[in-house]
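Chemist: Just so it is clear, I am handing over structure_30.cif, which has mmCIF, C-alpha atoms.
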```
data_upload
loop_
_atom_site.label_atom_id
_atom_site.label_comp_id
_atom_site.auth_asym_id
_atom_site.auth_seq_id
_atom_site.Cartn_x
_atom_site.Cartn_y
_atom_site.Cartn_z
CA MET A 1 -45.19 -3.27 -11.77
CA ILE A 2 -47.63 -6.03 -12.76
CA PHE A 3 -46.60 -9.68 -12.72
CA ILE A 4 -48.13 -11.82 -15.48
CA PRO A 5 -47.64 -15.51 -14.67
CA PHE A 6 -47.75 -17.82 -17.63
CA LYS A 7 -50.15 -20.75 -17.66
CA ASN A 8 -49.76 -22.95 -14.59
CA LYS A 9 -46.23 -21.53 -14.30
CA LYS A 10 -45.00 -24.51 -16.31
CA MET A 11 -43.49 -23.62 -19.67
CA LEU A 12 -42.81 -20.44 -21.62
CA LEU A 13 -41.66 -20.80 -25.21
CA LEU A 14 -40.03 -17.91 -27.04
CA GLU A 15 -40.11 -18.85 -30.71
CA ASN A 16 -39.03 -17.40 -34.05
CA ILE A 17 -36.30 -15.40 -32.29
CA LYS A 18 -34.33 -13.48 -34.90
CA GLU A 19 -31.14 -13.99 -32.88
CA LEU A 20 -30.61 -15.53 -29.44
CA VAL A 21 -27.63 -13.65 -27.99
CA GLN A 22 -24.94 -14.76 -25.51
CA VAL A 23 -25.42 -18.52 -25.75
CA ARG A 24 -22.91 -20.37 -23.55
CA GLU A 25 -22.29 -23.91 -22.43
CA PRO A 26 -22.07 -24.50 -18.65
CA GLY A 27 -18.78 -23.99 -16.82
CA ILE A 28 -17.59 -20.72 -18.40
CA PRO A 29 -17.24 -18.27 -15.48
CA PHE A 30 -16.06 -15.29 -17.58
CA VAL A 31 -14.32 -14.39 -20.82
CA ALA A 32 -10.99 -12.58 -21.12
CA GLY A 33 -8.68 -11.06 -23.69
CA LYS A 34 -9.45 -11.99 -27.30
CA GLU A 35 -12.31 -14.23 -26.14
CA MET A 36 -14.23 -11.06 -25.27
CA GLN A 37 -14.59 -10.43 -29.01
CA GLN A 38 -16.62 -13.62 -29.38
CA LEU A 39 -20.37 -13.46 -28.80
CA GLN A 40 -22.08 -16.74 -29.50
CA THR A 41 -25.59 -16.54 -30.95
CA VAL A 42 -28.25 -18.72 -32.57
CA ARG A 43 -30.29 -17.32 -35.45
CA ASP A 44 -33.95 -18.22 -36.07
CA ALA A 45 -34.05 -19.67 -32.59
CA PHE A 46 -36.31 -20.81 -29.79
CA LEU A 47 -35.84 -20.56 -26.02
CA LEU A 48 -37.78 -22.86 -23.70
CA ILE A 49 -38.23 -21.82 -20.08
CA GLN A 50 -39.57 -24.23 -17.49
CA ASP A 51 -40.36 -23.37 -13.88
CA GLY A 52 -38.26 -20.23 -14.10
CA ILE A 53 -35.20 -22.01 -15.49
CA ILE A 54 -33.72 -22.09 -18.99
CA GLY A 55 -34.61 -25.58 -20.13
CA ASP A 56 -33.48 -25.67 -23.75
CA TYR A 57 -32.69 -23.56 -26.79
CA GLY A 58 -31.67 -24.04 -30.39
CA SER A 59 -32.68 -23.38 -33.97
CA MET A 60 -36.38 -23.45 -34.83
CA GLY A 61 -35.73 -26.47 -37.04
CA LYS A 62 -34.99 -28.53 -33.92
CA LEU A 63 -38.08 -27.46 -31.98
CA SER A 64 -40.17 -30.26 -33.49
CA ASP A 65 -37.93 -32.76 -31.71
CA ILE A 66 -39.07 -31.50 -28.27
CA SER A 67 -42.24 -32.71 -26.55
CA LEU A 68 -43.78 -29.57 -25.06
CA GLY A 69 -46.86 -30.99 -23.37
CA ASP A 70 -50.08 -29.07 -22.83
CA HIS A 71 -49.04 -26.31 -20.46
CA VAL A 72 -46.96 -24.01 -22.63
CA THR A 73 -47.36 -20.31 -23.32
CA LYS A 74 -45.85 -19.19 -26.62
CA VAL A 75 -44.38 -15.78 -27.45
CA ASP A 76 -43.65 -14.95 -31.09
CA CYS A 77 -40.34 -13.09 -31.29
CA SER A 78 -40.25 -12.58 -35.06
CA GLY A 79 -37.83 -9.81 -35.98
CA ARG A 80 -36.68 -9.44 -32.39
CA MET A 81 -33.70 -10.63 -30.37
CA VAL A 82 -33.41 -12.22 -26.93
CA PHE A 83 -30.57 -11.36 -24.52
CA PRO A 84 -29.72 -12.51 -21.01
CA SER A 85 -30.59 -9.72 -18.59
CA TYR A 86 -27.79 -7.35 -17.68
CA CYS A 87 -25.93 -7.78 -14.39
CA ASP A 88 -25.03 -4.50 -12.69
CA SER A 89 -22.30 -5.34 -10.22
CA HIS A 90 -21.75 -1.88 -8.69
CA THR A 91 -24.52 0.46 -7.51
CA HIS A 92 -25.36 2.73 -4.57
CA ILE A 93 -29.06 2.70 -5.39
CA VAL A 94 -30.23 3.20 -1.78
CA PHE A 95 -29.80 6.92 -1.19
CA PRO A 96 -32.00 9.61 0.36
CA ALA A 97 -32.01 12.39 -2.26
CA ALA A 98 -30.46 13.69 -5.45
CA ARG A 99 -27.36 15.88 -5.32
CA ASP A 100 -28.16 18.13 -8.25
CA GLN A 101 -26.62 21.21 -6.63
CA GLU A 102 -23.26 19.44 -6.68
CA PHE A 103 -23.87 18.83 -10.38
CA VAL A 104 -23.92 22.61 -10.78
CA ASP A 105 -20.83 22.96 -8.54
CA LYS A 106 -18.94 20.54 -10.78
CA ILE A 107 -19.93 22.54 -13.85
CA LYS A 108 -18.45 25.58 -12.10
CA GLY A 109 -15.17 23.72 -11.64
CA LEU A 110 -15.19 22.19 -8.15
CA SER A 111 -13.54 18.77 -7.94
CA TYR A 112 -14.99 15.66 -6.30
CA GLU A 113 -12.48 15.98 -3.44
CA GLU A 114 -13.21 19.70 -2.91
CA ILE A 115 -16.93 19.00 -2.62
CA ASP A 116 -16.18 16.22 -0.13
CA ARG A 117 -13.98 18.50 2.00
CA ARG A 118 -16.79 21.08 2.16
CA GLY A 119 -19.12 18.47 3.69
CA GLY A 120 -20.79 17.65 0.40
CA GLY A 121 -20.62 14.43 -1.57
CA ILE A 122 -20.84 11.26 0.47
CA LEU A 123 -21.01 13.22 3.74
CA HIS A 124 -24.05 15.17 2.52
CA SER A 125 -25.84 11.96 1.58
CA SER A 126 -24.89 10.54 4.97
CA GLU A 127 -26.44 13.47 6.80
CA LEU A 128 -29.67 13.18 4.80
CA LEU A 129 -29.80 9.41 5.22
CA HIS A 130 -29.60 9.76 9.00
CA ARG A 131 -32.83 11.78 8.91
CA THR A 132 -34.64 9.58 6.40
CA PRO A 133 -36.81 6.70 7.70
CA ALA A 134 -36.08 3.22 6.39
CA GLU A 135 -39.56 2.98 4.85
CA VAL A 136 -38.89 6.09 2.74
CA LEU A 137 -35.47 4.79 1.69
CA TYR A 138 -37.06 1.51 0.61
CA LYS A 139 -39.82 3.17 -1.44
CA GLN A 140 -37.30 5.41 -3.20
CA ALA A 141 -34.93 2.54 -3.90
CA ILE A 142 -37.54 0.06 -5.14
CA THR A 143 -38.71 2.70 -7.64
CA ARG A 144 -35.14 2.92 -8.96
CA VAL A 145 -34.89 -0.87 -9.08
CA ASN A 146 -38.08 -1.06 -11.15
CA GLU A 147 -36.66 1.62 -13.44
CA VAL A 148 -33.50 -0.37 -14.21
CA ILE A 149 -35.49 -3.59 -14.65
CA GLN A 150 -37.33 -1.90 -17.52
CA LEU A 151 -33.92 -1.06 -19.01
CA GLY A 152 -32.81 -4.70 -19.00
CA THR A 153 -31.13 -5.26 -15.62
CA GLY A 154 -31.85 -8.62 -14.02
CA ALA A 155 -29.25 -8.63 -11.23
CA ILE A 156 -27.95 -5.77 -9.13
CA GLU A 157 -25.41 -5.32 -6.37
CA ILE A 158 -26.35 -2.62 -3.86
CA LYS A 159 -23.82 -1.07 -1.49
CA SER A 160 -24.34 0.65 1.83
CA GLY A 161 -21.92 3.46 2.67
CA TYR A 162 -24.09 6.51 3.25
CA GLY A 163 -24.58 5.66 6.92
CA LEU A 164 -21.01 5.89 8.21
CA ASN A 165 -22.09 4.81 11.69
CA MET A 166 -23.41 1.55 13.06
CA GLU A 167 -27.09 2.53 13.26
CA ASP A 168 -27.37 4.02 9.79
CA GLU A 169 -25.24 1.43 8.02
CA LEU A 170 -27.48 -1.28 9.50
CA LYS A 171 -30.52 0.71 8.41
CA MET A 172 -29.25 0.73 4.83
CA LEU A 173 -28.42 -2.97 4.89
CA HIS A 174 -31.88 -3.84 6.21
CA VAL A 175 -33.39 -1.81 3.35
CA ILE A 176 -31.22 -3.78 0.91
CA ARG A 177 -32.37 -7.02 2.52
CA ARG A 178 -35.99 -5.96 2.01
CA ILE A 179 -35.25 -5.24 -1.65
CA LYS A 180 -33.78 -8.75 -1.90
CA GLU A 181 -36.99 -10.17 -0.50
CA THR A 182 -39.41 -8.17 -2.64
CA ALA A 183 -37.75 -7.37 -5.99
CA PRO A 184 -37.85 -9.94 -8.80
CA VAL A 185 -34.20 -9.34 -9.68
CA ALA A 186 -31.22 -11.08 -8.08
CA VAL A 187 -29.76 -8.74 -5.43
CA LYS A 188 -26.35 -8.82 -3.75
CA SER A 189 -25.65 -6.73 -0.65
CA ASN A 190 -22.35 -4.98 0.00
CA PHE A 191 -21.28 -3.39 3.31
CA LEU A 192 -19.33 -0.22 2.48
CA GLY A 193 -18.81 1.36 5.88
CA ALA A 194 -15.38 2.44 4.59
CA HIS A 195 -16.91 4.70 1.93
CA SER A 196 -15.63 7.92 3.51
CA VAL A 197 -14.44 9.19 6.87
CA PRO A 198 -17.36 10.73 8.79
CA GLN A 199 -17.00 14.28 10.07
CA ARG A 200 -16.65 13.20 13.70
CA PHE A 201 -13.54 11.17 12.79
CA ARG A 202 -11.82 13.73 10.57
CA GLY A 203 -8.18 13.83 11.62
CA LYS A 204 -8.45 10.46 13.41
CA ARG A 205 -9.27 8.07 10.59
CA SER A 206 -7.61 5.14 12.34
CA ASP A 207 -10.26 5.35 15.07
CA TYR A 208 -12.99 4.99 12.44
CA VAL A 209 -11.22 1.99 10.90
CA LYS A 210 -11.11 0.46 14.37
CA GLU A 211 -14.87 0.99 14.72
CA ILE A 212 -15.45 -0.69 11.35
CA VAL A 213 -13.39 -3.78 12.13
CA GLU A 214 -14.22 -4.20 15.82
CA GLU A 215 -17.89 -3.21 15.84
CA MET A 216 -19.51 -2.87 12.43
CA ILE A 217 -18.24 -5.95 10.57
CA PRO A 218 -18.96 -8.34 13.48
CA GLU A 219 -22.54 -7.02 13.76
CA VAL A 220 -23.12 -7.09 10.01
CA ALA A 221 -21.87 -10.68 9.93
CA LEU A 222 -23.96 -11.68 12.97
CA GLN A 223 -27.12 -10.42 11.24
CA GLY A 224 -26.14 -11.92 7.87
CA LEU A 225 -26.65 -8.61 6.10
CA ALA A 226 -23.78 -8.54 3.59
CA ASP A 227 -22.56 -10.71 0.74
CA PHE A 228 -19.46 -8.53 0.38
CA VAL A 229 -17.38 -5.93 2.23
CA ASP A 230 -16.05 -2.99 0.24
CA VAL A 231 -13.49 -0.22 0.85
CA PHE A 232 -12.86 3.07 -0.96
CA CYS A 233 -9.08 2.65 -1.27
CA ASP A 234 -7.94 5.87 -2.91
CA ARG A 235 -6.19 9.17 -2.40
CA GLY A 236 -7.90 11.10 0.41
CA PHE A 237 -9.96 8.14 1.57
CA PHE A 238 -8.54 4.82 2.89
CA THR A 239 -4.95 3.60 2.53
CA PRO A 240 -3.87 0.14 1.32
CA GLU A 241 -2.87 -0.71 4.89
CA GLU A 242 -6.28 0.27 6.26
CA THR A 243 -7.97 -1.55 3.39
CA SER A 244 -5.93 -4.66 4.15
CA ARG A 245 -7.00 -4.58 7.78
CA ILE A 246 -10.68 -4.25 6.86
CA LEU A 247 -10.58 -7.06 4.31
CA GLU A 248 -8.66 -9.36 6.66
CA VAL A 249 -11.36 -8.98 9.31
CA ALA A 250 -14.13 -9.44 6.74
CA SER A 251 -12.47 -12.65 5.58
CA ARG A 252 -12.36 -13.98 9.13
CA TYR A 253 -16.13 -13.54 9.21
CA GLY A 254 -16.51 -15.34 5.89
CA ILE A 255 -17.31 -12.24 3.81
CA ARG A 256 -15.42 -11.70 0.56
CA GLY A 257 -13.94 -8.33 -0.28
CA LYS A 258 -14.41 -5.86 -3.10
CA ILE A 259 -12.62 -2.54 -3.60
CA HIS A 260 -13.22 0.94 -5.00
CA ALA A 261 -9.72 1.30 -6.45
CA ASN A 262 -7.63 3.79 -8.39
CA GLU A 263 -10.39 6.23 -9.31
CA LEU A 264 -8.43 9.29 -8.25
CA ASP A 265 -4.80 8.14 -8.35
CA TYR A 266 -2.47 5.16 -8.41
CA SER A 267 -3.58 4.23 -4.92
CA GLY A 268 -2.36 0.64 -4.54
CA GLY A 269 -5.98 -0.45 -4.34
CA ILE A 270 -5.70 -2.91 -7.21
CA GLN A 271 -2.70 -4.64 -5.65
CA VAL A 272 -4.29 -4.91 -2.21
CA GLY A 273 -7.46 -6.23 -3.82
CA VAL A 274 -5.61 -9.00 -5.62
CA LYS A 275 -3.62 -9.79 -2.49
CA HIS A 276 -6.84 -10.38 -0.54
CA LYS A 277 -8.58 -12.23 -3.40
CA ALA A 278 -11.21 -9.53 -3.81
CA LEU A 279 -13.93 -10.62 -6.22
CA SER A 280 -13.60 -7.34 -8.10
CA VAL A 281 -11.71 -4.07 -8.11
CA ASP A 282 -13.82 -1.22 -9.46
CA HIS A 283 -13.28 2.17 -11.16
CA LEU A 284 -9.63 1.74 -12.32
CA GLU A 285 -9.13 5.09 -14.04
CA PHE A 286 -5.49 4.97 -12.94
CA THR A 287 -4.28 1.56 -14.11
CA GLY A 288 -0.76 1.03 -15.46
CA ASP A 289 1.46 -1.85 -16.48
CA GLU A 290 2.13 -2.86 -12.86
CA GLU A 291 -1.58 -3.06 -12.07
CA ILE A 292 -2.36 -5.00 -15.25
CA GLU A 293 0.39 -7.51 -14.51
CA CYS A 294 -0.90 -7.91 -10.97
CA LEU A 295 -4.43 -8.69 -12.22
CA LYS A 296 -3.37 -11.39 -14.67
CA GLY A 297 -4.60 -14.80 -13.56
CA SER A 298 -5.79 -13.43 -10.23
CA GLY A 299 -9.49 -14.28 -10.33
CA THR A 300 -10.23 -10.65 -9.42
CA MET A 301 -12.52 -9.03 -12.00
CA PRO A 302 -11.44 -5.57 -13.22
CA THR A 303 -14.67 -3.57 -13.28
CA VAL A 304 -14.90 -0.23 -15.04
CA LEU A 305 -17.63 2.31 -14.29
CA PRO A 306 -18.04 4.43 -17.44
CA GLY A 307 -20.95 6.44 -16.04
CA ALA A 308 -18.83 7.93 -13.25
CA ALA A 309 -15.94 8.82 -15.55
CA PHE A 310 -18.41 10.37 -18.00
CA PHE A 311 -20.25 12.37 -15.33
CA LEU A 312 -17.10 13.57 -13.51
CA ASN A 313 -14.93 14.03 -16.62
CA LEU A 314 -12.32 11.69 -15.20
CA PRO A 315 -9.49 10.10 -17.18
CA LEU A 316 -10.66 6.91 -18.83
CA ALA A 317 -9.56 3.51 -17.57
CA PRO A 318 -7.27 1.86 -20.16
CA VAL A 319 -9.83 -0.79 -21.11
CA ARG A 320 -8.38 -1.44 -24.56
CA LYS A 321 -4.92 -2.02 -23.06
CA MET A 322 -6.35 -4.28 -20.36
CA ILE A 323 -8.23 -6.51 -22.80
CA ASP A 324 -5.32 -6.61 -25.23
CA ALA A 325 -3.13 -7.77 -22.31
CA GLY A 326 -5.46 -10.74 -21.81
CA LEU A 327 -7.57 -9.47 -18.91
CA PRO A 328 -11.32 -9.82 -18.53
CA VAL A 329 -13.30 -6.61 -18.01
CA ALA A 330 -16.76 -6.03 -16.56
CA LEU A 331 -18.76 -2.82 -16.86
CA ALA A 332 -21.18 -1.52 -14.22
CA SER A 333 -23.29 1.60 -13.76
CA ASP A 334 -22.17 2.93 -10.34
CA TYR A 335 -25.74 4.28 -10.01
CA ASN A 336 -25.48 6.88 -7.23
CA PRO A 337 -26.59 10.48 -6.59
CA GLY A 338 -23.21 12.16 -6.77
CA SER A 339 -21.11 10.76 -9.59
CA SER A 340 -23.32 8.54 -11.76
CA PRO A 341 -27.05 9.24 -11.44
CA SER A 342 -28.14 6.58 -13.93
CA GLY A 343 -28.53 2.81 -13.89
CA ASN A 344 -29.06 2.49 -17.65
CA MET A 345 -26.82 -0.41 -18.66
CA ASN A 346 -27.62 0.13 -22.34
CA PHE A 347 -25.93 3.52 -22.05
CA ILE A 348 -23.03 1.92 -20.18
CA ALA A 349 -22.53 -0.42 -23.14
CA SER A 350 -22.64 2.60 -25.46
CA LEU A 351 -19.97 4.39 -23.41
CA GLY A 352 -17.88 1.21 -23.47
CA CYS A 353 -17.88 1.31 -27.26
CA ILE A 354 -17.74 5.07 -27.86
CA LYS A 355 -15.31 6.18 -25.15
CA TYR A 356 -13.31 3.03 -24.37
CA LYS A 357 -13.12 1.63 -27.92
CA MET A 358 -14.66 -1.69 -26.98
CA LEU A 359 -16.24 -3.73 -29.75
CA PRO A 360 -19.99 -4.30 -29.31
CA GLU A 361 -19.26 -7.95 -28.52
CA GLU A 362 -16.80 -6.94 -25.80
CA ALA A 363 -19.25 -4.49 -24.26
CA ILE A 364 -22.08 -7.05 -24.20
CA ASN A 365 -19.81 -9.65 -22.62
CA ALA A 366 -18.76 -7.04 -20.05
CA ILE A 367 -22.36 -6.33 -18.90
CA THR A 368 -23.54 -9.95 -18.93
CA VAL A 369 -21.24 -12.92 -18.32
CA ASN A 370 -18.32 -10.97 -16.82
CA ALA A 371 -20.56 -8.78 -14.68
CA ALA A 372 -22.33 -11.89 -13.35
CA TYR A 373 -18.93 -13.22 -12.25
CA ALA A 374 -18.19 -9.89 -10.53
CA MET A 375 -21.31 -10.52 -8.41
CA GLY A 376 -20.62 -14.17 -7.69
CA LEU A 377 -23.63 -15.11 -9.85
CA GLU A 378 -21.85 -16.74 -12.79
CA LYS A 379 -23.52 -20.12 -12.12
CA ARG A 380 -27.01 -18.58 -12.18
CA LEU A 381 -27.02 -15.62 -14.55
CA GLY A 382 -25.18 -13.76 -17.30
CA SER A 383 -25.77 -16.04 -20.28
CA ILE A 384 -28.29 -18.19 -22.11
CA THR A 385 -27.24 -21.49 -20.56
CA ARG A 386 -29.32 -24.56 -19.78
CA GLY A 387 -30.04 -24.68 -16.07
CA LYS A 388 -29.53 -20.98 -15.39
CA THR A 389 -32.27 -18.71 -14.07
CA ALA A 390 -34.48 -17.39 -16.87
CA ASN A 391 -33.72 -13.67 -16.55
CA VAL A 392 -33.86 -12.48 -20.15
CA PHE A 393 -35.36 -9.71 -22.27
CA ILE A 394 -36.87 -9.48 -25.74
CA THR A 395 -35.87 -6.48 -27.84
CA LYS A 396 -37.95 -4.43 -30.20
CA GLU A 397 -37.46 -5.27 -33.85
CA MET A 398 -33.83 -4.65 -34.76
CA GLU A 399 -31.31 -5.63 -37.39
CA SER A 400 -28.29 -6.41 -35.23
CA TYR A 401 -27.23 -6.70 -31.60
CA THR A 402 -24.93 -3.75 -32.28
CA TYR A 403 -28.09 -1.61 -32.12
CA ILE A 404 -27.89 -1.84 -28.30
CA PRO A 405 -24.71 0.29 -27.99
CA TYR A 406 -25.30 2.17 -31.27
CA PHE A 407 -28.65 3.76 -30.40
CA PHE A 408 -27.30 5.24 -27.16
CA GLY A 409 -30.41 7.28 -26.33
CA SER A 410 -33.04 4.67 -27.08
CA ASN A 411 -34.62 1.93 -25.01
CA LEU A 412 -34.81 -1.00 -27.41
CA ILE A 413 -36.18 -3.44 -24.83
CA ASP A 414 -39.74 -4.59 -25.41
CA THR A 415 -40.40 -7.38 -22.91
CA VAL A 416 -38.67 -8.32 -19.64
CA ILE A 417 -38.76 -11.88 -18.29
CA LEU A 418 -37.47 -12.50 -14.76
CA ASN A 419 -37.47 -15.90 -13.06
CA GLY A 420 -39.45 -17.14 -16.05
CA GLU A 421 -42.27 -14.62 -15.65
CA ILE A 422 -43.19 -11.87 -18.07
CA HIS A 423 -43.25 -8.41 -16.50
CA SER A 424 -45.42 -5.53 -17.56
CA PHE A 425 -44.84 -1.91 -16.48
CA SER A 426 -47.89 0.29 -16.23
#
```
Translate this structure into structure tokens?
Modeler:
Amino acid sequence: MIFIPFKNKKMLLLENIKELVQVREPGIPFVAGKEMQQLQTVRDAFLLIQDGIIGDYGSMGKLSDISLGDHVTKVDCSGRMVFPSYCDSHTHIVFPAARDQEFVDKIKGLSYEEIDRRGGGILHSSELLHRTPAEVLYKQAITRVNEVIQLGTGAIEIKSGYGLNMEDELKMLHVIRRIKETAPVAVKSNFLGAHSVPQRFRGKRSDYVKEIVEEMIPEVALQGLADFVDVFCDRGFFTPEETSRILEVASRYGIRGKIHANELDYSGGIQVGVKHKALSVDHLEFTGDEEIECLKGSGTMPTVLPGAAFFLNLPLAPVRKMIDAGLPVALASDYNPGSSPSGNMNFIASLGCIKYKMLPEEAINAITVNAAYAMGLEKRLGSITRGKTANVFITKEMESYTYIPYFFGSNLIDTVILNGEIHSFS
């Protein structure tokens, strides 16, 4: 990746923008229900970036009213659109190797749980991670980060969870910290020690939960390695009671919870997440009236992972029912080697429309403003708002913002701007 700083790092002016997409006034943390159908835009627009921050925007007719000074670099966006960068609030992008053999096993009919019981899945990644040096993990992961940047992502949450012991979980979290320090995107770190039960604790899961709450979380907090603590609360993994215990301890250490919930069954994960004020509950394939009612007004963001459901042929989360009931919805990639080996948020938006019957406006809201909220970044990212960080991208020439989900196999992004700097990939 090559960084191209604009002149004196002062001002960058994007002008003649065909349509400036996802324009919001300050103070809107997320959109819900019918509001998700509304996508505010400005046609024939300009966007002024100063010192890495969105300074101003509006129609080209108003640009003459602004004094630009001498240090401004101009980019002509004729025929092209400008979007806020996508926020991907759920990934496992630090992993040691692909799991393509399991891909073949799934084609042959093995379920996710059967693969896990055979020592595959998360446990296989855990075994490989133990043998992989941190430097190798970092190089692999930063390559993936650069890949998703080119596809429009400007913020990414990265979970641990392939360590499943103190040493290896800390190794993963230190790799994530290094990504935070070196990647141009915003990065959030999530401690997911409760991703699965390691082989040495099979049949005595409560002992592993005790290790998480009495040893791992205190050390993670002491080193300041996690923005969130997550739990896989689902059939065959961790119970609501165990999840509660983990989130209670995390809260005592000042770390907010998130939950993998209801991917495999009606697990109670959504309810325990709301009870503990989790920032998001993710997956949600099994979500009924009780779960929807519980989420209303909770401040917990329902986050659907279309890539995993697509890859595993899972039942689809009832997104249409959730939105129609007045809930907000975020979409994320779940980029990981076993169930969603892609971080392409353009494709996630396409799946939102094609499989979940979301309108293009709803899908774009779900991968920008709502996903930023699901990462705790709603004050910095997710929309074209004065004062927010200038993480945006310029599209190729296109007729409508619906092209993003419509052309599901194409990369329509031409230029990426992160922290006010234009990025080139060569």
Chemist: Find the residues of range 152-201 of chain A that sit at most 9 Å from range 84-91 of chain A; for each, write down the nearest two atoms and how far apart they are in Å, to one decimal. Count all atoms listed in the file. Sort by chain, then by number going up, and give it as CSV.
Modeler:
```
residue,atom,partner,partner_atom,distance
A:Gly152,CA,A:Ser85,CA,5.5
A:Thr153,CA,A:Tyr86,CA,4.4
A:Gly154,CA,A:Ser85,CA,4.9
A:Ala155,CA,A:Cys87,CA,4.7
A:Ile156,CA,A:Asp88,CA,4.8
A:Glu157,CA,A:Ser89,CA,4.9
A:Ile158,CA,A:Thr91,CA,5.1
A:Lys159,CA,A:Thr91,CA,6.3
A:Ala186,CA,A:Cys87,CA,8.9
A:Lys188,CA,A:Ser89,CA,8.4
```
Chemist: Expand the PyMOL selection byres ((chain A and resi 198) around 12) into the individual residues it matches in the shown file, reporting them as a PyMOL selection string.
Modeler: chain A and resi 116-117+119-127+161-166+193-197+199-209+211-212+237
Chemist: Can you spell out as a compact mmCIF listing (two decimals) with C-alpha atoms, keeping the file's coordinate frame the set of residues that the PyMOL selection byres ((chain A and resi 137) around 10) selects in the structure I just provided?
Modeler:
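Now in expr-v6.txt:
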```
# COMPACT_ATOMS: atom_id res chain seq x y z
CA ILE A 93 -29.06 2.70 -5.39
CA VAL A 94 -30.23 3.20 -1.78
CA PHE A 95 -29.80 6.92 -1.19
CA PRO A 96 -32.00 9.61 0.36
CA ALA A 97 -32.01 12.39 -2.26
CA LEU A 129 -29.80 9.41 5.22
CA THR A 132 -34.64 9.58 6.40
CA PRO A 133 -36.81 6.70 7.70
CA ALA A 134 -36.08 3.22 6.39
CA GLU A 135 -39.56 2.98 4.85
CA VAL A 136 -38.89 6.09 2.74
CA TYR A 138 -37.06 1.51 0.61
CA LYS A 139 -39.82 3.17 -1.44
CA GLN A 140 -37.30 5.41 -3.20
CA ALA A 141 -34.93 2.54 -3.90
CA ILE A 142 -37.54 0.06 -5.14
CA LYS A 171 -30.52 0.71 8.41
CA MET A 172 -29.25 0.73 4.83
CA VAL A 175 -33.39 -1.81 3.35
CA ILE A 176 -31.22 -3.78 0.91
```
Chemist: Please determine, counting all atoms listed in the file, which residue among A:Cys353, A:Ile292, A:Ala366, A:Leu173 has the shortest atom-to-atom distance to Phe407 in chain A.
Modeler: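 Of A:Cys353, A:Ile292, A:Ala366, A:Leu173, the one nearest Phe407 in chain A, counting all atoms listed in the file, is A:Cys353.
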Chemist: So which residues touch Pro318 in chain A within 8 Å, counting only C-alpha atoms, skipping near sequence neighbours fewer than 5 positions away, as a list of chain:residue names?
Modeler: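 Within the cut-off, the hits are A:Glu285, A:Thr287, A:Tyr356.
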Chemist: Just the residues within 7 Å of His283 in chain A, please, counting only C-alpha atoms, with nothing from its chain fewer than 6 positions along; format it as number ranges by chain.
Modeler: A: 260-263, 303-305
Chemist: Excluding same-chain residues fewer than 4 positions from Phe228 in chain A, what lies within 7 Å of it counting all atoms listed in the file, as an mmCIF file with C-alpha atoms, in the frame of the given file?
Modeler:
```cif
data_model
loop_
_atom_site.group_PDB
_atom_site.id
_atom_site.type_symbol
_atom_site.label_atom_id
_atom_site.label_comp_id
_atom_site.auth_asym_id
_atom_site.auth_seq_id
_atom_site.Cartn_x
_atom_site.Cartn_y
_atom_site.Cartn_z
ATOM 1 C CA SER A 189 -25.650 -6.730 -0.650
ATOM 2 C CA ASN A 190 -22.350 -4.980 0.000
ATOM 3 C CA PHE A 191 -21.280 -3.390 3.310
ATOM 4 C CA ILE A 255 -17.310 -12.240 3.810
ATOM 5 C CA ARG A 256 -15.420 -11.700 0.560
ATOM 6 C CA GLY A 257 -13.940 -8.330 -0.280
ATOM 7 C CA LYS A 258 -14.410 -5.860 -3.100
#
```
Chemist: Could you tell me, as number ranges by chain, exactly which residues end up selected when the PyMOL selection byres ((chain A and resi 395) around 7) is applied to this structure?
Modeler: A: 80-82, 393-394, 396-397, 412-415
Chemist: Between CA of Tyr266 in chain A and CA of Phe286 in chain A, what is the distance, to one decimal in Å?
Modeler: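 Spanning CA of Tyr266 in chain A to CA of Phe286 in chain A is a straight-line distance of 5.4 Å.
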Chemist: Using all atoms listed in the file, can you tell me which of A:Tyr253, A:Tyr57, A:Phe347, A:Phe30 comes closest to Asn411 in chain A?
Modeler: A:Phe347
Chemist: With distances taken over only C-alpha atoms, which residue among A:Glu291, A:Glu114, A:Glu35, A:Asp44 lies nearest Val21 in chain A?
Modeler: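 The answer is A:Asp44, which sits nearest to Val21 in chain A.
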Chemist: Give me the residues near Gln223 in chain A as a VMD selection string, where near means some atom within 12 Å (using all atoms listed in the file) and where sequence neighbours in that chain fewer than 4 positions away do not count.
Modeler: chain A and resid 170 to 171 173 to 174 177 216 to 219 227 253
Chemist: Report as a PyMOL selection string all protein, DNA and RNA residues lying within 9 Å of Arg24 in chain A, evaluated on only C-alpha atoms, omitting residues in the same chain fewer than 3 positions from it.
Modeler: chain A and resi 27-28+40-41+383-386
Chemist: May I have the protein, DNA and RNA residues with an atom at most 8 Å from (-14.3, -2.4, -13.5), counting all atoms listed in the file in the file's coordinates, returned as a list in words?
Modeler: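 Every residue inside that radius is included here: Ser280, Val281, Asp282, His283, Leu284, Met301, Pro302, Thr303, Val304, Leu305, Val329, Ala330, Leu331 and Ala332 of chain A.
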